[in-house]
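For reference, entry.txt (compact mmCIF, C-alpha atoms (C1' of nucleotides) and all ligand atoms):
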```txt
# COMPACT_ATOMS: atom_id res chain seq x y z
CA MET A 1 130.49 112.07 -50.44
CA PHE A 2 131.99 113.17 -53.76
CA SER A 3 134.03 111.30 -56.33
CA LYS A 4 137.80 111.77 -56.37
CA ALA A 5 137.34 113.62 -59.65
CA CYS A 6 135.06 116.06 -57.92
CA GLU A 7 137.38 116.52 -54.97
CA TYR A 8 140.30 117.33 -57.23
CA GLY A 9 138.03 119.56 -59.30
CA ILE A 10 137.00 121.66 -56.33
CA LYS A 11 140.54 122.01 -55.02
CA ALA A 12 141.90 122.83 -58.47
CA THR A 13 139.24 125.44 -59.03
CA LEU A 14 140.01 127.03 -55.68
CA PHE A 15 143.70 127.18 -56.46
CA ILE A 16 143.06 128.70 -59.88
CA ALA A 17 140.74 131.27 -58.35
CA HIS A 18 143.34 132.07 -55.72
CA ARG A 19 145.91 132.87 -58.40
CA SER A 20 143.45 134.53 -60.74
CA GLU A 21 142.76 137.11 -58.10
CA LYS A 22 146.38 138.15 -58.51
CA ASN A 23 145.99 138.13 -62.30
CA GLN A 24 148.15 135.06 -62.66
CA ARG A 25 147.49 132.14 -64.97
CA VAL A 26 148.35 128.75 -63.60
CA SER A 27 149.69 125.71 -65.40
CA LEU A 28 148.47 122.17 -64.87
CA LYS A 29 151.76 121.35 -63.21
CA SER A 30 151.51 124.09 -60.62
CA ILE A 31 147.95 123.06 -59.86
CA THR A 32 148.81 119.43 -59.24
CA GLU A 33 151.68 120.49 -57.04
CA ALA A 34 149.46 122.82 -55.06
CA ILE A 35 146.69 120.32 -54.48
CA ASN A 36 148.75 117.14 -54.59
CA SER A 37 146.81 115.34 -57.30
CA PRO A 38 147.75 113.05 -60.21
CA GLU A 39 148.66 115.19 -63.19
CA ALA A 40 147.01 113.50 -66.16
CA PHE A 41 143.85 112.73 -64.23
CA THR A 42 143.61 116.31 -63.07
CA ALA A 43 144.04 117.43 -66.67
CA LYS A 44 140.90 115.52 -67.68
CA ILE A 45 138.94 117.14 -64.91
CA LEU A 46 140.13 120.58 -65.89
CA GLN A 47 139.08 119.89 -69.47
CA LYS A 48 135.59 119.19 -68.20
CA LEU A 49 135.58 122.37 -66.15
CA ALA A 50 136.85 124.30 -69.17
CA ARG A 51 134.11 122.86 -71.41
CA ASN A 52 131.62 123.94 -68.76
CA LYS A 53 133.06 127.44 -68.82
CA ILE A 54 133.93 127.33 -65.15
CA VAL A 55 137.62 127.80 -65.85
CA HIS A 56 139.21 129.22 -68.98
CA SER A 57 142.21 127.58 -70.59
CA SER A 58 144.77 128.67 -73.12
CA LYS A 59 147.46 126.67 -74.82
CA GLY A 60 151.02 127.57 -75.61
CA PRO A 61 153.80 129.25 -73.65
CA GLY A 62 152.48 131.42 -70.87
CA GLY A 63 149.16 129.62 -71.18
CA GLY A 64 147.34 127.75 -68.48
CA PHE A 65 144.12 128.07 -66.55
CA ARG A 66 142.37 131.07 -65.14
CA ILE A 67 139.01 132.20 -63.84
CA GLU A 68 137.48 135.55 -64.68
CA LYS A 69 138.00 137.76 -61.65
CA ASP A 70 134.41 138.95 -61.64
CA GLU A 71 133.16 135.37 -61.75
CA ILE A 72 134.97 134.21 -58.63
CA ASP A 73 132.10 135.18 -56.40
CA GLN A 74 129.56 133.80 -58.86
CA ILE A 75 130.89 130.25 -59.12
CA THR A 76 129.51 127.93 -56.46
CA LEU A 77 130.56 124.53 -55.19
CA SER A 78 127.36 123.27 -56.74
CA ASP A 79 128.44 124.44 -60.19
CA ILE A 80 131.64 122.46 -59.92
CA VAL A 81 130.01 119.32 -58.54
CA ILE A 82 127.36 119.36 -61.25
CA ALA A 83 129.95 119.93 -63.98
CA ILE A 84 131.90 116.88 -62.86
CA ASP A 85 129.53 114.43 -61.19
CA GLY A 86 126.20 115.66 -62.54
CA ASP A 87 123.21 116.36 -60.35
CA GLN A 88 122.71 112.82 -59.07
CA ILE A 89 123.88 113.97 -55.65
CA TYR A 90 120.65 115.96 -55.43
CA THR A 91 118.30 113.74 -57.37
CA SER A 92 119.26 110.17 -56.61
CA CYS A 93 117.72 107.97 -53.95
CA GLY A 94 119.85 107.31 -50.89
CA LEU A 95 118.89 103.65 -51.02
CA GLY A 96 119.52 103.33 -54.76
CA MET A 97 115.96 103.16 -56.05
CA GLU A 98 115.76 104.00 -59.74
CA GLU A 99 114.44 107.40 -58.89
CA CYS A 100 113.77 109.36 -55.76
CA SER A 101 110.15 110.42 -55.80
CA GLU A 102 107.27 111.23 -53.52
CA GLU A 103 105.11 108.76 -55.41
CA ALA A 104 107.19 105.67 -54.65
CA PRO A 105 109.60 106.68 -51.90
CA CYS A 106 112.06 104.35 -50.24
CA PRO A 107 111.66 103.83 -46.48
CA ALA A 108 114.33 106.41 -45.68
CA HIS A 109 113.15 109.04 -48.13
CA GLU A 110 111.79 111.42 -45.50
CA LYS A 111 115.01 111.06 -43.53
CA PHE A 112 117.26 111.76 -46.47
CA LYS A 113 115.23 114.59 -47.92
CA PRO A 114 116.25 117.30 -45.43
CA ILE A 115 119.88 116.22 -45.58
CA LYS A 116 120.00 116.33 -49.35
CA GLU A 117 118.19 119.64 -49.24
CA SER A 118 120.62 121.21 -46.80
CA LEU A 119 123.50 119.84 -48.83
CA ARG A 120 122.02 121.46 -51.92
CA ILE A 121 121.55 124.78 -50.14
CA THR A 122 125.08 124.69 -48.80
CA LEU A 123 126.68 123.85 -52.13
CA GLU A 124 124.58 126.36 -54.03
CA SER A 125 125.21 129.18 -51.59
CA THR A 126 128.94 128.68 -51.20
CA ASN A 127 131.02 130.56 -53.73
CA LEU A 128 134.72 130.41 -54.42
CA LYS A 129 135.48 133.85 -53.05
CA GLU A 130 134.20 132.93 -49.63
CA LEU A 131 136.29 129.76 -49.47
CA MET A 132 139.39 131.55 -50.67
CA GLU A 133 139.41 133.99 -47.82
CA ASP A 134 140.47 131.39 -45.31
CA ILE A 135 143.06 130.03 -47.70
CA ASN A 136 144.53 133.52 -48.01
CA LYS A 137 144.61 133.85 -44.25
CA GLY A 138 146.43 130.53 -44.02
CA LEU A 139 143.60 129.03 -42.02
CA THR A 140 142.69 126.28 -44.45
CA PHE A 141 144.69 124.05 -46.77
CA LEU A 142 144.53 122.47 -50.19
CA LYS A 143 146.74 119.50 -49.35
CA MET B 1 125.87 108.85 -50.69
CA PHE B 2 126.34 105.22 -49.70
CA SER B 3 127.95 102.30 -51.48
CA LYS B 4 125.75 99.81 -53.30
CA ALA B 5 126.69 97.30 -50.63
CA CYS B 6 125.33 99.63 -48.00
CA GLU B 7 122.14 100.31 -49.91
CA TYR B 8 121.43 96.60 -50.28
CA GLY B 9 122.38 96.09 -46.66
CA ILE B 10 119.86 98.62 -45.40
CA LYS B 11 117.06 97.30 -47.58
CA ALA B 12 117.83 93.70 -46.68
CA THR B 13 117.87 94.51 -42.98
CA LEU B 14 114.54 96.28 -43.27
CA PHE B 15 113.00 93.34 -45.04
CA ILE B 16 114.33 90.89 -42.48
CA ALA B 17 113.02 93.07 -39.66
CA HIS B 18 109.66 93.27 -41.37
CA ARG B 19 109.37 89.48 -41.44
CA SER B 20 110.94 88.98 -38.04
CA GLU B 21 108.12 90.97 -36.50
CA LYS B 22 105.84 88.19 -37.67
CA ASN B 23 108.25 85.59 -36.29
CA GLN B 24 109.28 84.48 -39.74
CA ARG B 25 112.80 83.65 -40.83
CA VAL B 26 113.71 84.72 -44.34
CA SER B 27 115.98 83.05 -46.85
CA LEU B 28 118.56 84.83 -48.97
CA LYS B 29 116.42 84.15 -52.01
CA SER B 30 113.32 85.76 -50.61
CA ILE B 31 115.37 88.78 -49.56
CA THR B 32 116.88 89.33 -52.98
CA GLU B 33 113.43 88.98 -54.53
CA ALA B 34 111.97 91.48 -52.11
CA ILE B 35 114.65 94.10 -52.57
CA ASN B 36 115.66 93.28 -56.13
CA SER B 37 119.37 92.78 -55.50
CA PRO B 38 122.01 90.39 -56.86
CA GLU B 39 121.91 87.18 -54.85
CA ALA B 40 125.56 86.29 -54.24
CA PHE B 41 126.55 89.87 -53.61
CA THR B 42 123.74 90.29 -51.14
CA ALA B 43 124.89 87.09 -49.43
CA LYS B 44 128.29 88.65 -48.74
CA ILE B 45 126.68 91.71 -47.24
CA LEU B 46 124.45 89.61 -45.03
CA GLN B 47 127.49 87.70 -43.83
CA LYS B 48 129.00 90.98 -42.75
CA LEU B 49 125.81 91.99 -40.98
CA ALA B 50 125.68 88.59 -39.30
CA ARG B 51 129.29 88.86 -38.11
CA ASN B 52 128.37 92.26 -36.70
CA LYS B 53 125.44 90.69 -34.85
CA ILE B 54 122.93 92.92 -36.59
CA VAL B 55 121.14 89.98 -38.15
CA HIS B 56 121.23 86.38 -37.02
CA SER B 57 121.65 83.55 -39.48
CA SER B 58 121.07 79.84 -39.33
CA LYS B 59 121.93 77.17 -41.84
CA GLY B 60 119.96 74.17 -42.97
CA PRO B 61 116.32 73.60 -43.83
CA GLY B 62 114.06 76.21 -42.35
CA GLY B 63 117.09 78.35 -41.73
CA GLY B 64 117.70 81.85 -42.95
CA PHE B 65 118.04 85.29 -41.48
CA ARG B 66 116.23 86.96 -38.66
CA ILE B 67 116.50 89.86 -36.26
CA GLU B 68 115.64 89.61 -32.59
CA LYS B 69 112.24 91.19 -32.16
CA ASP B 70 113.32 93.24 -29.21
CA GLU B 71 116.29 94.59 -31.14
CA ILE B 72 114.28 95.99 -34.03
CA ASP B 73 113.87 99.33 -32.34
CA GLN B 74 117.48 99.31 -31.14
CA ILE B 75 119.19 98.90 -34.52
CA THR B 76 119.83 102.18 -36.30
CA LEU B 77 120.70 103.06 -39.86
CA SER B 78 124.05 104.14 -38.48
CA ASP B 79 124.73 100.63 -37.16
CA ILE B 80 124.18 99.17 -40.60
CA VAL B 81 126.21 101.78 -42.44
CA ILE B 82 129.12 101.40 -40.03
CA ALA B 83 129.00 97.60 -40.26
CA ILE B 84 129.28 97.74 -44.04
CA ASP B 85 131.12 100.92 -45.02
CA GLY B 86 132.83 101.75 -41.75
CA ASP B 87 132.66 105.19 -40.19
CA GLN B 88 134.40 107.09 -42.98
CA ILE B 89 131.11 108.73 -43.84
CA TYR B 90 131.40 110.60 -40.55
CA THR B 91 135.14 110.99 -40.28
CA SER B 92 136.47 111.59 -43.77
CA CYS B 93 137.13 114.95 -45.36
CA GLY B 94 134.68 116.02 -48.04
CA LEU B 95 137.56 117.16 -50.20
CA GLY B 96 139.60 114.00 -49.67
CA MET B 97 142.30 115.31 -47.31
CA GLU B 98 144.00 112.52 -45.42
CA GLU B 99 142.04 113.40 -42.35
CA CYS B 100 139.35 115.85 -41.47
CA SER B 101 140.56 117.93 -38.56
CA GLU B 102 140.21 121.33 -37.00
CA GLU B 103 143.99 121.69 -37.04
CA ALA B 104 144.44 121.50 -40.80
CA PRO B 105 140.96 121.86 -42.27
CA CYS B 106 140.20 121.96 -45.97
CA PRO B 107 138.57 125.14 -47.30
CA ALA B 108 135.10 123.60 -47.16
CA HIS B 109 135.45 122.05 -43.72
CA GLU B 110 133.14 124.48 -41.96
CA LYS B 111 130.57 124.00 -44.70
CA PHE B 112 130.64 120.24 -44.56
CA LYS B 113 130.73 119.94 -40.79
CA PRO B 114 127.07 120.71 -40.11
CA ILE B 115 125.95 118.49 -42.98
CA LYS B 116 127.98 115.55 -41.78
CA GLU B 117 126.77 116.21 -38.27
CA SER B 118 123.11 116.24 -39.24
CA LEU B 119 123.66 113.12 -41.30
CA ARG B 120 125.16 111.45 -38.27
CA ILE B 121 122.30 112.52 -36.05
CA THR B 122 119.75 111.32 -38.56
CA LEU B 123 121.37 107.94 -39.08
CA GLU B 124 121.97 107.40 -35.39
CA SER B 125 118.45 108.35 -34.38
CA THR B 126 116.60 106.38 -37.02
CA ASN B 127 115.81 102.83 -36.04
CA LEU B 128 114.40 99.99 -38.07
CA LYS B 129 111.05 99.95 -36.33
CA GLU B 130 110.30 103.48 -37.36
CA LEU B 131 111.15 102.84 -41.00
CA MET B 132 109.13 99.65 -41.08
CA GLU B 133 105.91 101.35 -40.13
CA ASP B 134 105.57 103.04 -43.49
CA ILE B 135 106.47 99.82 -45.28
CA ASN B 136 103.71 98.06 -43.39
CA LYS B 137 101.28 100.79 -44.35
CA GLY B 138 102.31 100.38 -47.98
CA LEU B 139 103.55 103.97 -48.09
CA THR B 140 107.18 103.18 -48.90
CA PHE B 141 108.88 100.54 -51.00
CA LEU B 142 111.92 98.33 -51.05
CA LYS B 143 112.18 98.07 -54.83
C1' DC C 1 122.87 57.59 -41.55
C1' DC C 2 121.18 59.93 -45.77
C1' DA C 3 119.24 63.40 -48.46
C1' DA C 4 117.85 67.87 -48.84
C1' DT C 5 118.25 72.72 -47.64
C1' DA C 6 120.43 76.82 -46.56
C1' DA C 7 124.28 79.98 -45.24
C1' DA C 8 129.64 80.55 -45.38
C1' DG C 9 133.41 81.54 -47.83
C1' DG C 10 137.05 81.37 -51.39
C1' DA C 11 138.24 82.20 -56.11
C1' DC C 12 137.11 84.40 -60.01
C1' DA C 13 134.88 87.97 -63.47
C1' DA C 14 132.80 92.31 -64.93
C1' DA C 15 132.19 97.05 -64.57
C1' DA C 16 133.24 101.50 -62.94
C1' DT C 17 136.45 104.66 -61.35
C1' DT C 18 140.88 106.35 -61.05
C1' DG C 19 145.11 107.06 -63.08
C1' DT C 20 148.99 107.01 -67.07
C1' DC C 21 151.09 107.64 -71.63
C1' DC C 22 151.77 109.74 -75.69
C1' DG C 23 150.93 112.21 -79.88
C1' DA C 24 148.15 116.22 -81.81
C1' DA C 25 146.79 120.91 -81.68
C1' DT C 26 147.73 125.58 -80.47
C1' DA C 27 150.09 129.66 -79.29
C1' DA C 28 154.11 132.53 -78.07
C1' DT C 29 158.73 133.94 -79.22
C1' DA C 30 163.10 133.95 -80.99
C1' DT D 1 159.83 129.48 -89.74
C1' DA D 2 161.60 126.57 -86.04
C1' DT D 3 161.39 125.80 -81.24
C1' DT D 4 159.29 125.44 -77.14
C1' DA D 5 155.56 125.50 -73.80
C1' DT D 6 151.23 124.32 -72.95
C1' DT D 7 146.42 122.18 -73.12
C1' DC D 8 143.52 118.52 -75.66
C1' DG D 9 142.14 114.08 -76.40
C1' DG D 10 142.39 109.19 -77.41
C1' DA D 11 143.98 104.77 -75.96
C1' DC D 12 145.47 102.19 -72.43
C1' DA D 13 146.44 100.37 -67.41
C1' DA D 14 145.61 99.83 -62.43
C1' DT D 15 142.58 99.74 -58.77
C1' DT D 16 138.30 99.42 -56.46
C1' DT D 17 133.71 98.11 -56.34
C1' DT D 18 130.27 95.22 -57.76
C1' DG D 19 128.80 90.89 -58.99
C1' DT D 20 129.17 85.44 -60.00
C1' DC D 21 130.31 80.57 -59.35
C1' DC D 22 131.22 76.74 -56.90
C1' DT D 23 132.58 74.01 -52.99
C1' DT D 24 132.24 73.43 -47.99
C1' DT D 25 129.82 73.43 -43.67
C1' DA D 26 125.93 73.18 -40.73
C1' DT D 27 121.14 71.75 -39.73
C1' DT D 28 116.88 69.42 -40.28
C1' DG D 29 113.82 65.60 -41.10
C1' DG D 30 113.04 60.98 -42.88
S1 LIG A 201 113.19 107.56 -52.69
FE1 LIG A 201 114.95 107.07 -51.53
S2 LIG A 201 115.63 109.02 -50.93
FE2 LIG A 201 113.82 109.51 -52.03
S1 LIG A 202 138.99 118.84 -43.45
FE1 LIG A 202 137.73 118.71 -45.19
S2 LIG A 202 135.79 118.36 -44.30
FE2 LIG A 202 137.06 118.58 -42.55
```
Take the structure in the file and write it out as structure tokens.
Amino acid sequence: MFSKACEYGIKATLFIAHRSEKNQRVSLKSITEAINSPEAFTAKILQKLARNKIVHSSKGPGGGFRIEKDEIDQITLSDIVIAIDGDQIYTSCGLGMEECSEEAPCPAHEKFKPIKESLRITLESTNLKELMEDINKGLTFLK
Amino acid sequence: MFSKACEYGIKATLFIAHRSEKNQRVSLKSITEAINSPEAFTAKILQKLARNKIVHSSKGPGGGFRIEKDEIDQITLSDIVIAIDGDQIYTSCGLGMEECSEEAPCPAHEKFKPIKESLRITLESTNLKELMEDINKGLTFLK
DNA sequence: CCAATAAAGGACAAAATTGTCCGAATAATA
DNA sequence: TATTATTCGGACAATTTTGTCCTTTATTGG
């Protein structure tokens, strides 16, 4: 469904949000340990998220990543996916036509449309705060 | 959503079905022209579909690919996807956990579940015949 | 049997994605 | 100011996916 980069990005963001709620910054190392991802690769993804202002980074001792507390319930899965993979997940044709359009639809267009639409709605309406609750309760896992 | 292999596979199958309805066999070449796909790569995919008994192939002059007429409304998108990409689209975790389970779900599990389920239902309930009708009417396109 | 046609399949190549390494930049602190 | 901790970013490497080439095998018709 998503690229590996996107998967790591979502998990990393969730972990950062989790710690940010407790006013803690997190280092790259602690993130990769928490989500079980390759360190340098995860660093690249975090850079992208930082450039997109989804997470905030600071260098030097005591530095690391963090998310503004009041943004935790504003950031959606969709924001993260778009920052990393772009919006092709919404806009591209399921059968790989150059573009997905009503004018020249592929044979499965009408079948894919509602699925892509419900995916969009789900990703856009799911924010980090909501997902973190179950992590806090120990009901869901990051690795 | 799907791999390129899968996309070509679905389009190729649709084109073969389209011609099989008129009792025509189709050659690899005519398929790749119709769906605008790389020839040798498409050949591999068709081999897979043939081994999975979704299409039937015959060598030699006048040979080519075909689908049993009475199977056109039995073959679903799901059959094709599973033959080519396997069932990971249904079974894998959206966040890349080793397995998607209720016991150790990822934080987005409950969000992804209905989407994957509706995808499954759509793919399993969509057969080739249905998709071909709009092709025949010139309403949808294979390239 | 021979020639022509078409798929099968193995080996290889290119491209994209995933992942690693290492030095530079930055910030805290002693 | 020197040291240390940390992210940034460029170059590179490994892996996976996509795509190509070429030989073999099967089938048909003359
Ligand atoms: S054209 Fe293929 S999904 Fe819209
Ligand atoms: S565990 Fe992640 S989707 Fe089910």
Using all atoms listed in the file, which protein or nucleic acid residues come within 9 Å of Gln47 of chain A? Drop anything in the same chain fewer than 4 positions from it, and give the result as a CSV table (one decimal) with C-alpha atoms (C1' of nucleotides), in the coordinates of the input.
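What follows is the written file out.csv:
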```csv
chain,number,residue,atom,x,y,z
A,42,THR,CA,143.6,116.3,-63.1
A,43,ALA,CA,144.0,117.4,-66.7
A,51,ARG,CA,134.1,122.9,-71.4
A,52,ASN,CA,131.6,123.9,-68.8
A,55,VAL,CA,137.6,127.8,-65.8
A,57,SER,CA,142.2,127.6,-70.6
D,7,DT,C1',146.4,122.2,-73.1
D,8,DC,C1',143.5,118.5,-75.7
```
_Could you list the protein, DNA and RNA residues that have any atom within 12 Å of ligand LIG 202 (chain A), counting all atoms listed in the file, and write them as JSON, numbers by chain?_
{"A": [1, 2, 7, 10, 11, 131, 139, 140, 141, 142, 143], "B": [88, 89, 90, 91, 92, 93, 94, 95, 96, 97, 98, 99, 100, 101, 102, 103, 104, 105, 106, 107, 108, 109, 110, 111, 112, 113, 114, 115, 116, 117]}
Give me the box for ligand LIG 201 (chain A) as AutoDock Vina command-line options, namely the centre and edge lengths in Å to one decimal of a box along x, y and z that holds every listed atom plus 3 Å on each side.
```
--center_x 114.4 --center_y 108.3 --center_z -51.8 --size_x 8.4 --size_y 8.4 --size_z 7.8
```
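Interface residues of chain D facing chain A, defined by any atom at most 12 Å away and using all atoms listed in the file, are DT3, DT4, DA5, DT6, DT7, DC8, DG9 and DG10 of chain D.
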Output chain A as a JSON list (two decimals) with C-alpha atoms, in the coordinates of the input, after least-squares fitting it to chain B on all in-order C-alpha pairs.
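What ended up in superposed.json:
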```json
[["chain", "number", "residue", "atom", "x", "y", "z"],
["A", 1, "MET", "CA", 125.90, 108.82, -50.71],
["A", 2, "PHE", "CA", 126.35, 105.18, -49.71],
["A", 3, "SER", "CA", 127.96, 102.27, -51.50],
["A", 4, "LYS", "CA", 125.74, 99.77, -53.31],
["A", 5, "ALA", "CA", 126.70, 97.27, -50.62],
["A", 6, "CYS", "CA", 125.33, 99.60, -48.00],
["A", 7, "GLU", "CA", 122.14, 100.28, -49.92],
["A", 8, "TYR", "CA", 121.42, 96.59, -50.28],
["A", 9, "GLY", "CA", 122.38, 96.08, -46.64],
["A", 10, "ILE", "CA", 119.87, 98.61, -45.39],
["A", 11, "LYS", "CA", 117.06, 97.30, -47.58],
["A", 12, "ALA", "CA", 117.83, 93.69, -46.67],
["A", 13, "THR", "CA", 117.88, 94.51, -42.99],
["A", 14, "LEU", "CA", 114.54, 96.28, -43.28],
["A", 15, "PHE", "CA", 112.99, 93.33, -45.05],
["A", 16, "ILE", "CA", 114.33, 90.89, -42.47],
["A", 17, "ALA", "CA", 113.02, 93.07, -39.67],
["A", 18, "HIS", "CA", 109.65, 93.27, -41.38],
["A", 19, "ARG", "CA", 109.36, 89.49, -41.42],
["A", 20, "SER", "CA", 110.93, 88.99, -38.02],
["A", 21, "GLU", "CA", 108.13, 90.98, -36.50],
["A", 22, "LYS", "CA", 105.84, 88.20, -37.68],
["A", 23, "ASN", "CA", 108.24, 85.59, -36.28],
["A", 24, "GLN", "CA", 109.28, 84.48, -39.73],
["A", 25, "ARG", "CA", 112.80, 83.65, -40.84],
["A", 26, "VAL", "CA", 113.71, 84.72, -44.32],
["A", 27, "SER", "CA", 115.98, 83.04, -46.82],
["A", 28, "LEU", "CA", 118.55, 84.82, -48.96],
["A", 29, "LYS", "CA", 116.41, 84.13, -51.99],
["A", 30, "SER", "CA", 113.31, 85.77, -50.59],
["A", 31, "ILE", "CA", 115.36, 88.78, -49.55],
["A", 32, "THR", "CA", 116.86, 89.32, -52.98],
["A", 33, "GLU", "CA", 113.44, 88.99, -54.52],
["A", 34, "ALA", "CA", 111.97, 91.49, -52.10],
["A", 35, "ILE", "CA", 114.65, 94.11, -52.57],
["A", 36, "ASN", "CA", 115.66, 93.26, -56.13],
["A", 37, "SER", "CA", 119.36, 92.75, -55.52],
["A", 38, "PRO", "CA", 122.00, 90.36, -56.88],
["A", 39, "GLU", "CA", 121.90, 87.16, -54.86],
["A", 40, "ALA", "CA", 125.53, 86.25, -54.26],
["A", 41, "PHE", "CA", 126.54, 89.84, -53.62],
["A", 42, "THR", "CA", 123.73, 90.26, -51.14],
["A", 43, "ALA", "CA", 124.87, 87.07, -49.42],
["A", 44, "LYS", "CA", 128.29, 88.63, -48.73],
["A", 45, "ILE", "CA", 126.68, 91.68, -47.25],
["A", 46, "LEU", "CA", 124.45, 89.60, -45.03],
["A", 47, "GLN", "CA", 127.49, 87.68, -43.83],
["A", 48, "LYS", "CA", 129.00, 90.97, -42.74],
["A", 49, "LEU", "CA", 125.81, 91.97, -40.97],
["A", 50, "ALA", "CA", 125.68, 88.56, -39.31],
["A", 51, "ARG", "CA", 129.30, 88.85, -38.11],
["A", 52, "ASN", "CA", 128.37, 92.24, -36.69],
["A", 53, "LYS", "CA", 125.45, 90.68, -34.86],
["A", 54, "ILE", "CA", 122.95, 92.92, -36.59],
["A", 55, "VAL", "CA", 121.15, 89.98, -38.14],
["A", 56, "HIS", "CA", 121.24, 86.37, -37.01],
["A", 57, "SER", "CA", 121.65, 83.53, -39.48],
["A", 58, "SER", "CA", 121.10, 79.82, -39.34],
["A", 59, "LYS", "CA", 121.96, 77.17, -41.87],
["A", 60, "GLY", "CA", 120.00, 74.17, -43.00],
["A", 61, "PRO", "CA", 116.38, 73.60, -43.95],
["A", 62, "GLY", "CA", 114.08, 76.16, -42.42],
["A", 63, "GLY", "CA", 117.11, 78.34, -41.76],
["A", 64, "GLY", "CA", 117.68, 81.85, -42.97],
["A", 65, "PHE", "CA", 118.03, 85.29, -41.47],
["A", 66, "ARG", "CA", 116.22, 86.95, -38.64],
["A", 67, "ILE", "CA", 116.49, 89.86, -36.25],
["A", 68, "GLU", "CA", 115.64, 89.62, -32.58],
["A", 69, "LYS", "CA", 112.23, 91.20, -32.16],
["A", 70, "ASP", "CA", 113.32, 93.28, -29.19],
["A", 71, "GLU", "CA", 116.30, 94.60, -31.14],
["A", 72, "ILE", "CA", 114.30, 96.01, -34.03],
["A", 73, "ASP", "CA", 113.88, 99.34, -32.34],
["A", 74, "GLN", "CA", 117.48, 99.33, -31.15],
["A", 75, "ILE", "CA", 119.19, 98.90, -34.51],
["A", 76, "THR", "CA", 119.84, 102.18, -36.30],
["A", 77, "LEU", "CA", 120.72, 103.06, -39.87],
["A", 78, "SER", "CA", 124.06, 104.13, -38.49],
["A", 79, "ASP", "CA", 124.75, 100.64, -37.15],
["A", 80, "ILE", "CA", 124.20, 99.16, -40.58],
["A", 81, "VAL", "CA", 126.23, 101.77, -42.44],
["A", 82, "ILE", "CA", 129.14, 101.39, -40.03],
["A", 83, "ALA", "CA", 129.02, 97.59, -40.24],
["A", 84, "ILE", "CA", 129.29, 97.73, -44.02],
["A", 85, "ASP", "CA", 131.11, 100.91, -45.02],
["A", 86, "GLY", "CA", 132.82, 101.79, -41.75],
["A", 87, "ASP", "CA", 132.66, 105.21, -40.18],
["A", 88, "GLN", "CA", 134.42, 107.10, -42.97],
["A", 89, "ILE", "CA", 131.12, 108.75, -43.84],
["A", 90, "TYR", "CA", 131.40, 110.62, -40.54],
["A", 91, "THR", "CA", 135.14, 111.02, -40.26],
["A", 92, "SER", "CA", 136.46, 111.60, -43.74],
["A", 93, "CYS", "CA", 137.12, 114.96, -45.35],
["A", 94, "GLY", "CA", 134.67, 116.03, -48.03],
["A", 95, "LEU", "CA", 137.56, 117.17, -50.20],
["A", 96, "GLY", "CA", 139.59, 114.00, -49.63],
["A", 97, "MET", "CA", 142.28, 115.31, -47.31],
["A", 98, "GLU", "CA", 143.98, 112.51, -45.41],
["A", 99, "GLU", "CA", 142.02, 113.40, -42.34],
["A", 100, "CYS", "CA", 139.32, 115.85, -41.45],
["A", 101, "SER", "CA", 140.54, 117.93, -38.55],
["A", 102, "GLU", "CA", 140.20, 121.34, -36.99],
["A", 103, "GLU", "CA", 143.97, 121.70, -37.02],
["A", 104, "ALA", "CA", 144.42, 121.49, -40.79],
["A", 105, "PRO", "CA", 140.95, 121.87, -42.28],
["A", 106, "CYS", "CA", 140.19, 121.96, -45.97],
["A", 107, "PRO", "CA", 138.56, 125.14, -47.31],
["A", 108, "ALA", "CA", 135.09, 123.62, -47.15],
["A", 109, "HIS", "CA", 135.44, 122.06, -43.72],
["A", 110, "GLU", "CA", 133.12, 124.50, -41.96],
["A", 111, "LYS", "CA", 130.55, 124.01, -44.70],
["A", 112, "PHE", "CA", 130.64, 120.25, -44.55],
["A", 113, "LYS", "CA", 130.74, 119.95, -40.80],
["A", 114, "PRO", "CA", 127.06, 120.72, -40.12],
["A", 115, "ILE", "CA", 125.95, 118.50, -42.98],
["A", 116, "LYS", "CA", 128.00, 115.55, -41.79],
["A", 117, "GLU", "CA", 126.77, 116.22, -38.28],
["A", 118, "SER", "CA", 123.12, 116.25, -39.26],
["A", 119, "LEU", "CA", 123.67, 113.13, -41.32],
["A", 120, "ARG", "CA", 125.19, 111.46, -38.28],
["A", 121, "ILE", "CA", 122.30, 112.53, -36.06],
["A", 122, "THR", "CA", 119.76, 111.32, -38.58],
["A", 123, "LEU", "CA", 121.39, 107.94, -39.10],
["A", 124, "GLU", "CA", 121.98, 107.40, -35.40],
["A", 125, "SER", "CA", 118.46, 108.36, -34.39],
["A", 126, "THR", "CA", 116.63, 106.38, -37.04],
["A", 127, "ASN", "CA", 115.82, 102.83, -36.04],
["A", 128, "LEU", "CA", 114.40, 100.00, -38.07],
["A", 129, "LYS", "CA", 111.04, 99.96, -36.34],
["A", 130, "GLU", "CA", 110.32, 103.51, -37.36],
["A", 131, "LEU", "CA", 111.15, 102.85, -41.01],
["A", 132, "MET", "CA", 109.11, 99.68, -41.07],
["A", 133, "GLU", "CA", 105.91, 101.40, -40.13],
["A", 134, "ASP", "CA", 105.56, 103.07, -43.49],
["A", 135, "ILE", "CA", 106.46, 99.86, -45.26],
["A", 136, "ASN", "CA", 103.67, 98.09, -43.38],
["A", 137, "LYS", "CA", 101.25, 100.83, -44.35],
["A", 138, "GLY", "CA", 102.28, 100.42, -47.98],
["A", 139, "LEU", "CA", 103.54, 103.98, -48.10],
["A", 140, "THR", "CA", 107.15, 103.19, -48.90],
["A", 141, "PHE", "CA", 108.87, 100.55, -51.01],
["A", 142, "LEU", "CA", 111.93, 98.34, -51.04],
["A", 143, "LYS", "CA", 112.18, 98.09, -54.82]]
```
*Within 9 Å of chain B, which residues of chain C show up when using only C-alpha atoms (C1' of nucleotides), listed as a list in words?*
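For chain C, the answer reads DA4, DT5, DA6, DA7, DA8 and DG9 of chain C.
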